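Q: One file: work-v5.csv (CSV, C-alpha atoms).
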```
chain,number,residue,atom,x,y,z
A,839,MET,CA,237.4,212.8,168.6
A,840,LYS,CA,236.7,216.5,167.8
A,841,ALA,CA,238.6,216.3,164.5
A,842,LEU,CA,236.7,213.1,163.6
A,843,PHE,CA,233.4,214.8,164.3
A,844,GLN,CA,234.4,217.7,162.1
A,845,ILE,CA,235.4,215.3,159.3
A,846,LEU,CA,232.0,213.6,159.5
A,847,ILE,CA,230.2,216.9,159.3
A,848,ILE,CA,232.2,218.0,156.2
A,849,ALA,CA,231.6,214.6,154.6
A,850,THR,CA,227.9,214.8,155.2
A,851,CYS,CA,227.8,218.3,153.7
A,852,ILE,CA,229.7,217.2,150.6
A,853,GLY,CA,227.3,214.2,150.3
A,854,ILE,CA,224.3,216.5,150.4
A,855,VAL,CA,225.8,218.8,147.8
A,856,VAL,CA,226.6,215.9,145.5
A,857,TYR,CA,223.1,214.4,146.0
A,858,TYR,CA,221.3,217.7,145.2
A,859,THR,CA,223.5,218.5,142.2
A,860,ASN,CA,223.1,215.1,140.6
A,861,VAL,CA,219.3,215.2,140.4
A,862,GLU,CA,218.1,214.4,136.8
A,863,PRO,CA,215.4,216.8,135.5
A,864,SER,CA,211.9,215.5,135.0
A,865,LYS,CA,211.7,215.8,131.2
A,866,THR,CA,208.8,215.7,128.7
A,867,GLU,CA,208.8,214.8,125.1
A,868,LEU,CA,208.9,217.7,122.6
A,869,LEU,CA,205.3,218.8,122.0
A,870,GLU,CA,204.8,219.6,118.3
A,871,GLY,CA,202.2,222.2,117.4
A,872,PRO,CA,199.3,221.1,115.1
A,873,THR,CA,200.3,221.0,111.4
A,874,ALA,CA,198.5,223.9,109.6
A,875,ILE,CA,198.4,223.0,105.9
A,876,THR,CA,197.9,226.0,103.7
A,877,LYS,CA,197.2,225.5,100.0
A,878,PRO,CA,195.3,227.2,97.1
A,879,VAL,CA,191.9,226.0,96.1
A,880,LEU,CA,192.1,224.5,92.6
A,881,GLU,CA,188.4,224.4,91.8
A,882,THR,CA,187.0,227.8,92.8
A,883,ALA,CA,183.5,226.8,91.6
A,884,SER,CA,183.1,224.6,94.6
A,885,VAL,CA,183.8,227.3,97.2
A,886,GLN,CA,180.9,228.5,99.2
A,887,ASN,CA,181.4,232.1,100.4
A,888,ASP,CA,177.9,233.1,101.5
A,889,ILE,CA,178.3,232.1,105.1
A,890,GLY,CA,178.0,235.4,107.0
A,891,GLY,CA,178.4,234.1,110.5
A,892,LEU,CA,176.4,234.7,113.6
A,893,PRO,CA,175.4,238.2,114.7
A,894,ARG,CA,178.3,240.0,116.3
A,895,PRO,CA,178.1,240.4,120.1
A,896,ASP,CA,177.1,244.0,121.2
A,897,THR,CA,178.6,243.6,124.7
A,898,GLY,CA,181.9,242.4,126.2
A,899,ILE,CA,185.5,242.9,125.2
A,900,SER,CA,184.9,241.7,121.6
A,901,ILE,CA,183.4,245.1,120.8
A,902,PHE,CA,186.9,246.6,120.8
A,903,ILE,CA,188.0,244.5,117.8
A,904,GLY,CA,188.4,247.0,115.0
A,905,ASP,CA,188.4,250.0,117.3
A,906,LYS,CA,191.3,252.4,117.8
A,907,GLU,CA,193.8,251.8,120.6
A,908,LYS,CA,192.4,254.9,122.4
A,909,GLU,CA,189.3,252.8,123.4
A,910,ILE,CA,191.6,250.3,125.2
A,911,LEU,CA,193.5,253.1,126.9
A,912,ASP,CA,190.2,254.8,128.0
A,913,ASN,CA,188.8,251.6,129.4
A,914,TYR,CA,191.9,249.8,130.8
A,915,GLY,CA,194.6,252.5,131.1
A,916,LYS,CA,198.2,252.0,130.2
A,917,PRO,CA,199.3,248.3,129.9
A,918,LEU,CA,201.9,246.7,132.2
A,919,ARG,CA,204.1,246.6,129.1
A,920,VAL,CA,204.1,246.4,125.3
A,921,ASP,CA,205.6,243.3,123.6
A,922,PRO,CA,206.6,242.9,120.0
A,923,SER,CA,205.3,240.0,117.9
A,924,GLU,CA,206.5,238.3,114.8
A,925,PHE,CA,203.3,239.2,113.0
A,926,GLY,CA,203.8,242.9,113.1
A,927,TYR,CA,201.3,243.8,115.8
A,928,GLU,CA,202.1,244.7,119.4
A,929,TRP,CA,200.8,242.8,122.5
A,930,TRP,CA,199.5,245.2,125.2
A,931,VAL,CA,199.8,243.1,128.4
A,932,TYR,CA,197.5,243.7,131.4
A,933,GLU,CA,197.6,241.6,134.6
A,934,LYS,CA,195.3,241.5,137.5
A,935,ASN,CA,195.5,238.9,140.3
A,936,ALA,CA,197.6,236.7,138.0
A,937,ALA,CA,194.9,236.6,135.3
A,938,LEU,CA,195.9,238.1,131.9
A,939,LEU,CA,194.3,240.4,129.4
A,940,MET,CA,196.4,240.7,126.2
A,941,VAL,CA,195.4,243.1,123.4
A,942,GLY,CA,196.9,242.9,119.9
A,943,VAL,CA,197.4,246.3,118.4
A,944,MET,CA,198.5,246.9,114.8
A,945,ASN,CA,198.9,250.4,113.3
A,946,GLY,CA,196.8,251.9,116.2
A,947,GLU,CA,193.9,249.4,115.7
A,948,VAL,CA,192.8,246.5,118.0
A,949,VAL,CA,193.1,243.3,116.0
A,950,GLN,CA,192.7,240.7,118.7
A,951,ILE,CA,192.1,240.3,122.5
A,952,TYR,CA,192.9,237.3,124.6
A,953,THR,CA,192.0,236.7,128.3
A,954,ASN,CA,191.9,233.9,130.9
A,955,ASP,CA,190.2,236.2,133.4
A,956,MET,CA,186.8,235.1,134.6
A,957,ASN,CA,186.0,238.6,135.7
A,958,VAL,CA,186.2,240.0,132.2
A,959,ASN,CA,183.1,240.2,130.1
A,960,THR,CA,183.7,237.7,127.3
A,961,ALA,CA,180.2,237.6,126.0
A,962,PRO,CA,178.7,235.5,124.4
A,963,TYR,CA,180.8,233.0,126.3
A,964,LEU,CA,181.7,232.6,130.0
A,965,ILE,CA,185.2,231.4,131.0
A,966,GLY,CA,184.6,228.3,133.1
A,967,GLU,CA,181.5,227.2,131.3
A,968,SER,CA,181.4,223.6,130.2
A,969,ILE,CA,182.0,222.5,126.6
A,970,ASP,CA,178.6,220.8,126.6
A,971,ASP,CA,177.0,224.3,127.3
A,972,ILE,CA,179.1,225.8,124.5
A,973,TYR,CA,177.8,223.2,122.1
A,974,ARG,CA,174.3,223.8,123.2
A,975,HIS,CA,174.2,227.5,122.4
A,976,THR,CA,176.7,227.7,119.5
A,977,ILE,CA,176.2,226.7,115.9
A,978,LEU,CA,179.5,225.2,115.0
A,979,GLU,CA,180.8,224.7,111.5
A,980,GLN,CA,184.0,222.7,110.8
A,981,GLU,CA,184.9,225.3,108.2
A,982,VAL,CA,184.6,229.0,108.4
A,983,THR,CA,185.4,231.6,105.7
A,984,VAL,CA,187.4,234.8,105.8
A,985,GLU,CA,187.1,237.4,103.0
A,986,ILE,CA,189.8,240.0,102.6
A,987,GLY,CA,189.3,242.2,99.5
A,988,ASP,CA,189.1,239.8,96.6
A,989,ASN,CA,190.8,237.0,98.5
A,990,LEU,CA,188.8,234.2,100.1
A,991,TYR,CA,190.1,231.9,102.8
A,992,ILE,CA,188.5,228.6,104.1
A,993,VAL,CA,189.7,227.8,107.6
A,994,ALA,CA,189.1,224.2,108.7
A,995,MET,CA,189.2,222.7,112.2
A,996,SER,CA,190.6,219.2,112.7
A,997,GLU,CA,188.8,216.6,114.9
A,998,GLN,CA,191.3,217.6,117.7
A,999,ASP,CA,190.4,221.3,117.2
A,1000,MET,CA,186.7,220.5,117.6
A,1001,LYS,CA,187.5,219.2,121.0
A,1002,ASN,CA,189.9,221.7,122.5
A,1003,ARG,CA,190.4,224.7,120.2
A,1004,LEU,CA,187.1,225.7,118.7
A,1005,LEU,CA,186.7,228.5,116.1
A,1006,VAL,CA,183.4,230.4,115.7
A,1007,LYS,CA,182.6,233.1,113.2
A,1008,TYR,CA,180.5,236.1,114.1
A,1009,GLU,CA,180.2,238.3,111.0
A,1010,ASP,CA,183.6,240.0,110.7
A,1011,LEU,CA,184.8,238.7,114.1
A,1012,TYR,CA,186.3,235.3,114.9
A,1013,ILE,CA,186.4,233.6,118.3
A,1014,GLN,CA,188.9,231.0,119.4
A,1015,LEU,CA,187.7,229.0,122.4
A,1016,TYR,CA,190.5,227.3,124.4
A,1017,ILE,CA,189.1,224.2,126.2
A,1018,ASP,CA,190.8,222.7,129.2
A,1019,ARG,CA,190.1,219.0,128.4
A,1020,ASP,CA,191.0,217.9,131.9
A,1021,HIS,CA,187.9,219.8,133.2
A,1022,ASN,CA,186.0,220.0,129.9
A,1023,GLU,CA,185.5,223.7,130.3
A,1024,LEU,CA,186.4,227.0,128.6
A,1025,TYR,CA,189.8,228.0,130.0
A,1026,ALA,CA,190.5,231.1,127.9
A,1027,ILE,CA,189.2,233.0,124.9
A,1028,ARG,CA,190.6,234.9,122.0
A,1029,PHE,CA,188.7,237.4,119.8
A,1030,ILE,CA,190.4,238.1,116.5
A,1031,ASP,CA,189.8,239.8,113.2
A,1032,GLY,CA,189.9,237.9,109.9
A,1033,ALA,CA,193.2,239.3,108.6
A,1034,THR,CA,195.1,238.4,111.8
A,1035,LEU,CA,193.5,234.9,111.9
A,1036,VAL,CA,194.8,234.3,108.3
A,1037,LEU,CA,198.2,235.7,109.2
A,1038,HIS,CA,198.5,233.3,112.1
A,1039,LYS,CA,197.7,230.2,110.1
A,1040,THR,CA,196.9,228.2,113.2
A,1041,TYR,CA,194.4,225.9,111.4
A,1042,GLU,CA,194.3,224.1,108.1
A,1043,MET,CA,193.5,226.6,105.4
A,1044,GLN,CA,192.7,226.8,101.7
A,1045,PHE,CA,192.5,230.1,99.8
A,1046,VAL,CA,191.5,231.7,96.5
A,1047,GLY,CA,193.6,234.7,95.5
A,1048,GLU,CA,196.7,235.8,97.4
A,1049,LEU,CA,198.0,234.4,100.6
A,1050,VAL,CA,198.6,237.0,103.3
A,1051,GLU,CA,202.1,236.5,104.8
A,1052,ALA,CA,203.8,238.2,107.8
A,1053,SER,CA,207.1,240.0,107.1
A,1054,THR,CA,210.2,238.2,108.4
A,1055,PRO,CA,211.5,240.1,111.5
A,1056,SER,CA,215.1,241.4,111.4
A,1057,SER,CA,217.6,239.5,113.6
A,1058,TYR,CA,217.6,242.4,116.1
A,1059,ALA,CA,213.7,242.4,116.2
A,1060,GLN,CA,213.7,238.6,116.6
A,1061,VAL,CA,215.8,238.8,119.8
A,1062,ALA,CA,213.2,241.1,121.3
A,1063,ILE,CA,210.3,238.9,120.1
A,1064,ASN,CA,212.0,235.8,121.6
A,1065,ALA,CA,212.3,237.5,125.0
A,1066,ALA,CA,208.7,238.7,124.9
A,1067,VAL,CA,207.3,235.2,124.2
A,1068,GLY,CA,209.4,233.8,127.1
A,1069,ARG,CA,208.0,236.4,129.5
A,1070,GLN,CA,204.5,235.6,128.4
A,1071,LEU,CA,205.0,231.9,128.8
A,1072,THR,CA,206.0,232.4,132.4
A,1073,GLU,CA,203.0,234.7,133.1
A,1074,LEU,CA,200.6,232.4,131.4
A,1075,THR,CA,201.9,229.4,133.3
A,1076,ASN,CA,201.5,231.2,136.6
A,1077,ALA,CA,198.0,232.3,135.7
A,1078,PHE,CA,197.2,228.7,135.0
A,1079,ARG,CA,198.7,227.6,138.4
A,1080,VAL,CA,196.8,230.3,140.3
A,1081,LYS,CA,193.5,229.2,138.7
A,1082,GLN,CA,194.2,225.7,139.9
A,1083,LYS,CA,194.8,227.1,143.4
A,1084,LEU,CA,198.5,226.6,143.3
A,1085,PRO,CA,201.2,229.3,144.2
A,1086,LYS,CA,202.9,231.2,141.5
A,1087,LEU,CA,206.5,230.3,140.7
A,1088,ASP,CA,209.3,232.9,141.1
A,1089,GLU,CA,210.7,233.9,137.8
A,1090,SER,CA,214.4,233.1,137.6
A,1091,THR,CA,216.6,235.2,135.2
A,1092,LEU,CA,219.1,232.4,135.1
A,1093,LEU,CA,216.6,229.7,134.3
A,1094,ALA,CA,215.1,231.9,131.6
A,1095,GLU,CA,218.5,232.4,129.9
A,1096,LEU,CA,219.3,228.7,130.1
A,1097,ALA,CA,215.9,228.0,128.6
A,1098,ARG,CA,216.5,230.3,125.7
A,1099,GLU,CA,219.9,228.6,125.1
A,1100,HIS,CA,218.2,225.2,125.1
A,1101,SER,CA,215.6,226.4,122.6
A,1102,GLU,CA,218.3,227.7,120.4
A,1103,GLN,CA,220.1,224.4,120.6
A,1104,MET,CA,216.9,222.6,119.6
A,1105,VAL,CA,216.6,224.9,116.5
A,1106,LEU,CA,220.2,224.1,115.5
A,1107,ALA,CA,219.6,220.4,116.0
A,1108,SER,CA,216.6,220.5,113.7
A,1109,MET,CA,218.7,221.8,110.9
A,1110,GLU,CA,220.3,219.1,108.7
A,1111,SER,CA,223.4,221.2,108.2
A,1112,GLN,CA,224.0,221.4,111.9
A,1113,THR,CA,225.5,218.8,114.2
A,1114,ILE,CA,224.9,219.1,118.0
A,1115,GLU,CA,227.6,217.1,119.9
A,1116,SER,CA,225.5,216.4,123.0
A,1117,ASP,CA,222.2,217.0,124.7
A,1118,PHE,CA,221.7,220.2,126.7
A,1119,ASP,CA,222.6,219.3,130.3
A,1120,LEU,CA,220.7,221.6,132.7
A,1121,SER,CA,222.2,219.9,135.7
A,1122,ALA,CA,225.8,220.6,134.5
A,1123,ARG,CA,224.9,224.2,133.6
A,1124,LEU,CA,223.7,224.8,137.2
A,1125,GLN,CA,226.7,223.0,138.7
A,1126,GLU,CA,229.0,225.3,136.7
A,1127,ARG,CA,227.4,228.2,138.5
A,1128,THR,CA,227.4,226.3,141.9
A,1129,ILE,CA,223.6,226.4,142.1
A,1130,SER,CA,222.2,223.7,144.4
A,1131,TYR,CA,218.7,222.3,143.9
A,1132,GLU,CA,216.4,219.5,145.0
A,1133,HIS,CA,214.1,219.2,141.9
A,1134,LEU,CA,214.4,220.1,138.2
A,1135,GLY,CA,211.8,220.0,135.5
A,1136,GLU,CA,211.7,220.7,131.7
A,1137,ASN,CA,208.8,221.3,129.3
A,1138,VAL,CA,209.5,221.8,125.6
A,1139,ALA,CA,207.4,222.6,122.5
A,1140,ALA,CA,207.9,223.6,118.9
A,1141,ASN,CA,206.0,225.0,115.9
A,1142,TYR,CA,203.3,226.9,117.9
A,1143,LYS,CA,202.4,230.3,116.6
A,1144,ASP,CA,202.6,232.2,119.9
A,1145,SER,CA,202.8,231.8,123.7
A,1146,ILE,CA,199.1,231.3,124.1
A,1147,GLU,CA,199.1,228.4,121.7
A,1148,VAL,CA,202.1,226.8,123.5
A,1149,LEU,CA,200.5,227.1,126.9
A,1150,HIS,CA,197.3,225.7,125.7
A,1151,GLY,CA,199.1,222.7,124.1
A,1152,TRP,CA,200.9,222.0,127.4
A,1153,ILE,CA,197.6,222.2,129.3
A,1154,ASN,CA,196.0,219.5,127.2
A,1155,SER,CA,199.0,217.2,127.3
A,1156,LYS,CA,199.0,214.9,130.4
A,1157,GLU,CA,202.7,214.8,131.0
A,1158,HIS,CA,203.3,218.5,130.2
A,1159,ARG,CA,200.4,219.5,132.4
A,1160,ALA,CA,201.8,217.5,135.3
A,1161,LEU,CA,204.9,219.7,135.3
A,1162,LEU,CA,202.9,222.9,134.9
A,1163,LEU,CA,201.0,222.0,138.1
A,1164,SER,CA,203.8,220.3,140.0
A,1165,GLU,CA,204.2,221.3,143.7
A,1166,ASP,CA,207.9,220.3,143.6
A,1167,TYR,CA,209.1,223.6,142.2
A,1168,THR,CA,209.4,227.2,143.3
A,1169,GLN,CA,211.2,228.8,140.4
A,1170,ILE,CA,210.6,229.0,136.7
A,1171,GLY,CA,212.3,230.3,133.6
A,1172,SER,CA,211.0,230.3,130.0
A,1173,GLY,CA,213.0,230.8,126.9
A,1174,THR,CA,212.0,231.0,123.2
A,1175,TYR,CA,214.1,230.9,120.1
A,1176,VAL,CA,212.1,231.5,116.9
A,1177,ASN,CA,209.5,228.7,117.1
A,1178,TYR,CA,211.0,226.5,119.8
A,1179,HIS,CA,210.1,226.9,123.4
A,1180,THR,CA,211.6,225.7,126.7
A,1181,GLN,CA,210.4,226.0,130.3
A,1182,PHE,CA,212.6,225.0,133.2
A,1183,TYR,CA,211.5,224.5,136.8
A,1184,MET,CA,213.6,224.3,139.9
A,1185,HIS,CA,213.5,224.0,143.6
```
Rewrite the coordinates I just gave you, this time as structure tokens.
A:
Amino acid sequence: MKALFQILIIATCIGIVVYYTNVEPSKTELLEGPTAITKPVLETASVQNDIGGLPRPDTGISIFIGDKEKEILDNYGKPLRVDPSEFGYEWWVYEKNAALLMVGVMNGEVVQIYTNDMNVNTAPYLIGESIDDIYRHTILEQEVTVEIGDNLYIVAMSEQDMKNRLLVKYEDLYIQLYIDRDHNELYAIRFIDGATLVLHKTYEMQFVGELVEASTPSSYAQVAINAAVGRQLTELTNAFRVKQKLPKLDESTLLAELAREHSEQMVLASMESQTIESDFDLSARLQERTISYEHLGENVAANYKDSIEVLHGWINSKEHRALLLSEDYTQIGSGTYVNYHTQFYMH
């Protein structure tokens, strides 16, 4: 009888292990970033370049755009870390109570600032204000102009951009307003100079003159950039969860590495010259490492310019948002390979 009892216990344990290691991940479709068409203007006579923009704010973090990095150090101290980017600037990352302040610094000068922190002065806007209020006190043009030397760029918002990714011109300053469509309110804000806006090419754009292009990073630099974007994705996700009154997820080094591998596989699969034999099997990868779990999840995206744009895309996609805010998971790992992004969740 005792032996039979022991056999039953062992069989039960095996059954539990088999059950938990055969859970299929909750997967979403690949979310493609908005197509940003860039083309020269053929008839220059039709270009209007006399739009100066609204008066630049004289308070708030936007005043640092164009300043030397010393101003950031004097006001915020040393960053949590400094991340590389594919556009040549560095991201200085600050975190407080899960909210983020990210400062783009190129050649010692501040070229952009992003934040999702309601406690930071983001004049003339307030994080959390409704999109209706934004429309009431902002003059919005579907096209804005950027002048860099003899070059002129016309940046145009699509209908979708006008709903969730507004672009406003304030003299030599540009403001991107990231709207949470689920709540119809301002979730985060990015202040950016004209040269960096053109460099990003996140909107449809026409130009007269020469097109500004970022230098292609070396293979060694790209590895560091991939790792940086992955870290940022995890931090941005946790910041979003905390704002929705959900606990942060624990960062898993293993999940992050598997997410990077998955992103690399997606890149290879997108190349006509490459043949991928089978789909990336997260469950099998975890079983190989004898990792047990109850729930798995997977969010993927491609062709977004940076981690901020990826997270914002997921926020405004119903199925991707559901995984970001799921209470089924306790661990997270994000991995990027060039312009493909994966985020794995596990409990």
Q: May I ask for the distance between atom CA of A:Lys1143 and atom CA of A:Gly915, given in Å to one decimal place?
A: 27.6 Å
Q: So which residues touch A:Asn989 within 12 Å, counting all atoms listed in the file, skipping near sequence neighbours fewer than 6 positions away, as a PyMOL selection string?
A: chain A and resi 878-879+882+887+983+1032-1033+1036+1044-1050
Q: Which residue, A:Ala1094, A:Ala1065, A:Ala1059, A:Ile965, has the smallest gap to A:Asn1022 when you use all atoms listed in the file?
A: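 Once distances to A:Asn1022 are computed over all atoms listed in the file, the minimum belongs to A:Ile965.
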Q: A:Tyr927, A:Tyr1183, A:Phe1029, A:Tyr963: which is nearest A:Lys1007, counting only C-alpha atoms?
A: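 Result for the nearest residue to A:Lys1007: A:Phe1029.
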Q: Neighbouring residues of A:Glu924 were defined as those with any atom within 7 Å, considering all atoms listed in the file; residues of the same chain fewer than 2 positions away were excluded. Please report them as a list in words.
A: Pro922, Gly926, Pro1055 and Ile1063 of chain A
Q: I need the residue nearest A:Gln1181 from this list: A:Gln1082, A:Gln1103, A:Thr1075, A:Thr960. Use all atoms listed in the file for the distance.
A: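 Checking each of A:Gln1082, A:Gln1103, A:Thr1075, A:Thr960 against A:Gln1181, counting all atoms listed in the file, the winner is A:Thr1075.
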Q: Kindly indicate which residue among A:Ser1164, A:Asn1137, A:Ser1155, A:Thr1180 lies nearest to A:Lys865, using all atoms listed in the file for the distances.
A: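 Among A:Ser1164, A:Asn1137, A:Ser1155, A:Thr1180, it is A:Asn1137 that comes nearest to A:Lys865.
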Q: Quick one: pull the distance between atom CA of A:Lys1083 and atom CA of A:Ile1146, Å, one decimal.
A: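 The value is 20.2 Å.
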Q: Can you work out which one of A:Arg1028, A:His1150, A:His1158, A:His1179 has the shortest atom-to-atom distance to A:Ile951, counting only C-alpha atoms?
A: A:Arg1028
